[in-house]
Amino acid sequence: MSRYLGQRIGERDAVISGIGRSTVGRKLGRTGLSLTVDAALQAIEDAGLTRDDIDGLSTYPGITTASPGMSPNGVNDVQDALRLRLNWFSGGSETPAQLGAVMNAVAAVSAGLANHVLVFRTVTESSAQTATRRASVVGSGGDRVSGIMQWMVPFHAVSAANWVGMYAQRYMHEFGLTRRQLGEIPLNQRRHAALYDEAIFRDPLTMDDYLNARMISYPLGLYDCDIPCDGSCAVIVSRADATPGLRKVVRIDAIGSALTGRNSWDQRSDLTETAAHDCAKMLWSRTDLTVDDVDTAQLYDGFSFLTITWLEALGFFPKGEAGPWLDDGAARIGLGGEVPLNTNGGQLSGGRLHGYGYLYEACAQLRGEAVGRQVEGAEVAVVGAGGGPLGGCLLLTQDR
Amino acid sequence: MSFQALPEVTDDTAAFWEGGVDGELQIHRCHRCAIWFHPPAPVCPECLSREVGPATTSGRAVVQAFTVNFQPWAPDMQVPFVLAVVSVDDAPGVQLTTRLIDVDPVSVSVGLPVEVSFLHVEDVYLPLFRPVSAASGNGAVSEEGTS
Ligand SMILES: [Zn+2]
């Protein structure tokens, strides 16, 4: 098997030794820092560590005020609140999408810069939405738009729903995917949310509900879009050889962090492929496992179509065949199906934890702790987050 | 005043954002190897020559993907409208995100031939596109003219 970037697979030097998750919900009325501390302390305790063991801190995308509630906390306030004594830290958005903060932590551990890195992602978008929603539209404040946004926002393409909508439309045009087939994704997530009392939207969702919901940006309707929420997730990334006695370790078999195509939403020559395809190719080049070994997939569903992109990029079906594959619905992606998908309800029904809900859920599944929704015998999980030019994925395995 | 975000204009991007003053869609091109590229940059992405600059295109393009936006993302945003990624006919490999005007959303499809129609706001000429059959010329239109 050919190896990507030589022989060393440095991600195997690191493990996920603990996981934590705050209360997740709508308009919780709590500060981001309070939620972050809940998740962080839970993850540290879960790993069997203490605060004093944490010598690294990593987060995505760092504190930001540009979009209210998007990232209320960063390295600064979390380090200070917990008085962490750090050897290494990183917070920022120019990474392989949301999971880039995990990859940074893995790299730091593998390089010997830290032993136990606290990685967190916090959102308070639900609480922020009412008061300041209007301010969250780029360019609406009168400031000139620069960077990648300038090529979209001045034309009114202000939302990711627009950018992803165009990818979805092109895929439908090229391969005949229907809205009914696309609807299998949100319906699946809602079925799983019903099994998980921490999910936000748990009432049954029918195909009629889906098809009759108002259109947001054709072909994406209301139920193709995820729900803003408040919450925080944290994991501890530890040196694999610094974990004797740590209780429930999840191994990192391979990382996909590539972006070999254009770093752009509109310049890719094939508008049905994205960073997910680059990442998936890299991921499989770094492991002897194959897509057939995957027991559960936790894949980005900020918009339903992005999940299709990830499934296709990872090779769950041949290019262009999402539609017929999804016709089988629960037999493909349901609990007990071929590849149980987004078993926590995803972001569509569980809330937009912005990538980290999938990571938490994959770890819970591999540890056999997904009460009420456990995939029997789950040993290999794939996690992918991001859309368009943003992408990053992890192949995780049970400790063996 | 309806919603209208505007781009920051730099030395690299000025020809793209201001070319509409002459009714021209300007795209960057390499003087050495002749390829077209976008967004504009001070170096050819192919041969790395620094001898690059804007060149005039026909302003004709083809729809490669589209979406009909129904959600008012800002309080002063008029909906619905059609957004598209179009490929510029004589600039191979260059695609633009844009808004389509003078078009019935249900008649838009991949492959639809369109041509540029500039929307002049402040110092910027936004390259919007309209179906070729509905076009009456490439001239710049005023802000009032297309709102
Ligand atoms: Zn050149």
# chains A, B, ... in the order shown; residues from 1 in each chain; ligands from 1

call {"tool": "select_by_dssp", "arguments": {"residues": "range 170-336 of chain A", "states": "alpha helix (DSSP H)", "output": "ChimeraX atom specification"}}
result
/A:170-175,179-193,207-212,275-285,304-314,322-326,330-333

call {"tool": "write_last_selection", "arguments": {"atoms": "C-alpha atoms", "output": "short mmCIF file (atom, residue, chain, number, x, y, z; two decimals), in the first residue's frame"}}
result
data_model
loop_
_atom_site.label_atom_id
_atom_site.label_comp_id
_atom_site.auth_asym_id
_atom_site.auth_seq_id
_atom_site.Cartn_x
_atom_site.Cartn_y
_atom_site.Cartn_z
CA ARG A 170 -25.20 20.64 -9.84
CA TYR A 171 -25.13 17.13 -8.36
CA MET A 172 -28.86 16.76 -9.00
CA HIS A 173 -28.39 17.98 -12.57
CA GLU A 174 -25.50 15.67 -13.25
CA PHE A 175 -26.57 12.50 -11.45
CA ARG A 179 -35.14 15.96 -3.19
CA ARG A 180 -36.87 12.85 -1.86
CA GLN A 181 -33.54 11.00 -1.86
CA LEU A 182 -31.81 13.98 -0.24
CA GLY A 183 -34.58 13.97 2.36
CA GLU A 184 -33.45 10.53 3.56
CA ILE A 185 -30.59 12.31 5.34
CA PRO A 186 -32.67 14.59 7.62
CA LEU A 187 -35.25 11.84 8.16
CA ASN A 188 -32.50 9.47 9.29
CA GLN A 189 -31.06 11.99 11.69
CA ARG A 190 -34.49 12.68 13.17
CA ARG A 191 -35.08 8.96 13.74
CA HIS A 192 -31.77 8.78 15.59
CA ALA A 193 -32.52 11.93 17.60
CA MET A 207 -41.11 12.76 4.06
CA ASP A 208 -44.20 14.92 3.50
CA ASP A 209 -43.06 17.30 6.25
CA TYR A 210 -39.69 17.45 4.56
CA LEU A 211 -40.95 18.02 1.02
CA ASN A 212 -43.56 20.59 2.07
CA ALA A 275 -12.18 19.35 0.09
CA ALA A 276 -13.89 16.23 1.45
CA HIS A 277 -12.64 14.34 -1.59
CA ASP A 278 -9.05 15.50 -1.02
CA CYS A 279 -9.26 14.61 2.67
CA ALA A 280 -10.81 11.19 2.13
CA LYS A 281 -8.13 10.27 -0.40
CA MET A 282 -5.42 11.19 2.10
CA LEU A 283 -7.17 9.37 4.94
CA TRP A 284 -7.33 6.05 3.11
CA SER A 285 -3.71 6.40 2.00
CA SER A 304 -27.97 17.60 4.35
CA PHE A 305 -26.15 17.63 1.02
CA LEU A 306 -22.76 17.90 2.72
CA THR A 307 -23.32 14.46 4.24
CA ILE A 308 -23.79 13.06 0.75
CA THR A 309 -20.53 14.70 -0.28
CA TRP A 310 -18.70 13.06 2.63
CA LEU A 311 -20.29 9.66 2.06
CA GLU A 312 -19.31 9.76 -1.60
CA ALA A 313 -15.82 11.13 -0.96
CA LEU A 314 -15.14 8.36 1.56
CA ALA A 322 -25.96 8.81 -3.95
CA GLY A 323 -29.57 8.80 -5.07
CA PRO A 324 -30.16 5.09 -5.65
CA TRP A 325 -28.01 4.28 -2.59
CA LEU A 326 -30.16 6.49 -0.37
CA ALA A 330 -32.63 3.15 7.03
CA ALA A 331 -31.21 -0.08 5.58
CA ARG A 332 -28.23 1.99 4.49
CA ILE A 333 -27.77 4.65 7.14
#

call {"tool": "residues_near_ligand", "arguments": {"ligand": "ligand 1", "cutoff": "10 Å", "atoms": "only C-alpha atoms and all ligand atoms", "output": "short mmCIF file (atom, residue, chain, number, x, y, z; two decimals) with N, CA and C atoms, in the first residue's frame"}}
result
data_model
loop_
_atom_site.label_atom_id
_atom_site.label_comp_id
_atom_site.auth_asym_id
_atom_site.auth_seq_id
_atom_site.Cartn_x
_atom_site.Cartn_y
_atom_site.Cartn_z
N ARG B 29 -4.82 37.45 -16.63
CA ARG B 29 -4.24 36.54 -17.60
C ARG B 29 -2.72 36.63 -17.51
N CYS B 30 -2.06 35.51 -17.81
CA CYS B 30 -0.59 35.48 -17.81
C CYS B 30 -0.08 35.92 -19.18
N HIS B 31 0.85 36.88 -19.19
CA HIS B 31 1.40 37.34 -20.47
C HIS B 31 2.38 36.34 -21.05
N ARG B 32 2.91 35.45 -20.21
CA ARG B 32 3.88 34.49 -20.71
C ARG B 32 3.20 33.22 -21.26
N CYS B 33 2.36 32.59 -20.41
CA CYS B 33 1.78 31.31 -20.87
C CYS B 33 0.31 31.43 -21.28
N ALA B 34 -0.23 32.63 -21.17
CA ALA B 34 -1.55 32.95 -21.73
C ALA B 34 -2.74 32.35 -21.01
N ILE B 35 -2.53 31.69 -19.86
CA ILE B 35 -3.71 31.14 -19.18
C ILE B 35 -4.47 32.26 -18.46
N TRP B 36 -5.75 32.00 -18.27
CA TRP B 36 -6.60 32.92 -17.50
C TRP B 36 -6.71 32.37 -16.08
N PHE B 37 -6.85 33.26 -15.10
CA PHE B 37 -7.05 32.78 -13.73
C PHE B 37 -7.84 33.78 -12.90
N VAL B 43 0.69 36.85 -9.55
CA VAL B 43 1.58 35.81 -10.08
C VAL B 43 0.74 34.79 -10.85
N CYS B 44 1.32 34.26 -11.92
CA CYS B 44 0.62 33.23 -12.68
C CYS B 44 0.64 31.92 -11.89
N PRO B 45 -0.54 31.31 -11.65
CA PRO B 45 -0.57 30.08 -10.85
C PRO B 45 0.02 28.89 -11.60
N GLU B 46 0.22 29.05 -12.91
CA GLU B 46 0.74 27.94 -13.71
C GLU B 46 2.27 28.02 -13.84
N CYS B 47 2.77 29.13 -14.42
CA CYS B 47 4.21 29.23 -14.70
C CYS B 47 4.95 30.13 -13.71
N LEU B 48 4.20 30.71 -12.78
CA LEU B 48 4.75 31.58 -11.73
C LEU B 48 5.37 32.87 -12.27
N SER B 49 5.06 33.22 -13.51
CA SER B 49 5.50 34.51 -14.04
C SER B 49 4.82 35.64 -13.28
N ARG B 50 5.58 36.75 -13.09
CA ARG B 50 4.98 37.94 -12.50
C ARG B 50 4.38 38.83 -13.55
N GLU B 51 4.55 38.46 -14.81
CA GLU B 51 3.99 39.28 -15.89
C GLU B 51 2.55 38.87 -16.15
N VAL B 52 1.69 39.37 -15.28
CA VAL B 52 0.27 39.06 -15.36
C VAL B 52 -0.52 40.35 -15.27
#

call {"tool": "interface_residues", "arguments": {"of": "chain B", "to": "chain A", "cutoff": "9 Å", "atoms": "only C-alpha atoms", "output": "ChimeraX atom specification"}}
result
/B:3-9,38-39,64-75,77,81,83-86,93-99,109-110,126-128

call {"tool": "residues_around", "arguments": {"residues": "Val103 in chain B", "least_positions_apart": "4", "cutoff": "10 Å", "atoms": "only C-alpha atoms", "output": "compact mmCIF listing (two decimals) with N, CA, C and O atoms, in the first residue's frame"}}
result
# COMPACT_ATOMS: atom_id res chain seq x y z
N PHE B 81 -34.19 35.52 -5.39
CA PHE B 81 -33.27 35.85 -6.47
C PHE B 81 -32.47 34.60 -6.82
O PHE B 81 -32.45 33.63 -6.06
N VAL B 82 -31.87 34.65 -8.01
CA VAL B 82 -31.14 33.48 -8.50
C VAL B 82 -29.64 33.74 -8.44
O VAL B 82 -29.15 34.74 -8.97
N SER B 107 -36.82 29.01 -15.37
CA SER B 107 -36.24 28.80 -16.70
C SER B 107 -34.72 28.66 -16.64
O SER B 107 -34.08 28.47 -17.67
N VAL B 108 -34.15 28.75 -15.44
CA VAL B 108 -32.69 28.64 -15.32
C VAL B 108 -32.29 27.16 -15.34
O VAL B 108 -32.95 26.33 -14.73
N PHE B 129 -25.21 38.77 -14.29
CA PHE B 129 -25.39 38.16 -15.62
C PHE B 129 -26.86 37.99 -15.93
O PHE B 129 -27.68 37.80 -15.04
N ARG B 130 -27.21 38.08 -17.22
CA ARG B 130 -28.57 37.86 -17.66
C ARG B 130 -28.55 36.93 -18.87
O ARG B 130 -27.54 36.86 -19.58
N PRO B 131 -29.66 36.24 -19.10
CA PRO B 131 -29.69 35.34 -20.26
C PRO B 131 -29.38 36.11 -21.54
O PRO B 131 -29.85 37.25 -21.69
N ALA B 134 -32.26 37.67 -23.46
CA ALA B 134 -32.98 38.79 -22.85
C ALA B 134 -32.14 40.05 -22.80
O ALA B 134 -32.60 41.11 -22.40

call {"tool": "atom_distance", "arguments": {"atom1": "CA of Ser232 in chain A", "atom2": "CA of Thr23 in chain A"}}
result
7.7 Å

call {"tool": "residues_around", "arguments": {"residues": "Ala14 in chain B", "least_positions_apart": "4", "cutoff": "10 Å", "atoms": "only C-alpha atoms", "output": "list in words"}}
result
Glu8, Val9, Thr10, Glu18, Gly19, Gln26, Pro40, Pro54, Asp123 and Val124 of chain B

call {"tool": "select_by_dssp", "arguments": {"residues": "range 13-128 of chain B", "states": "strand (DSSP E)", "output": "VMD selection string"}}
result
chain B and resid 26 to 30 36 to 37 52 to 56 60 to 69 81 to 88 95 to 100 113 to 121 124 to 128
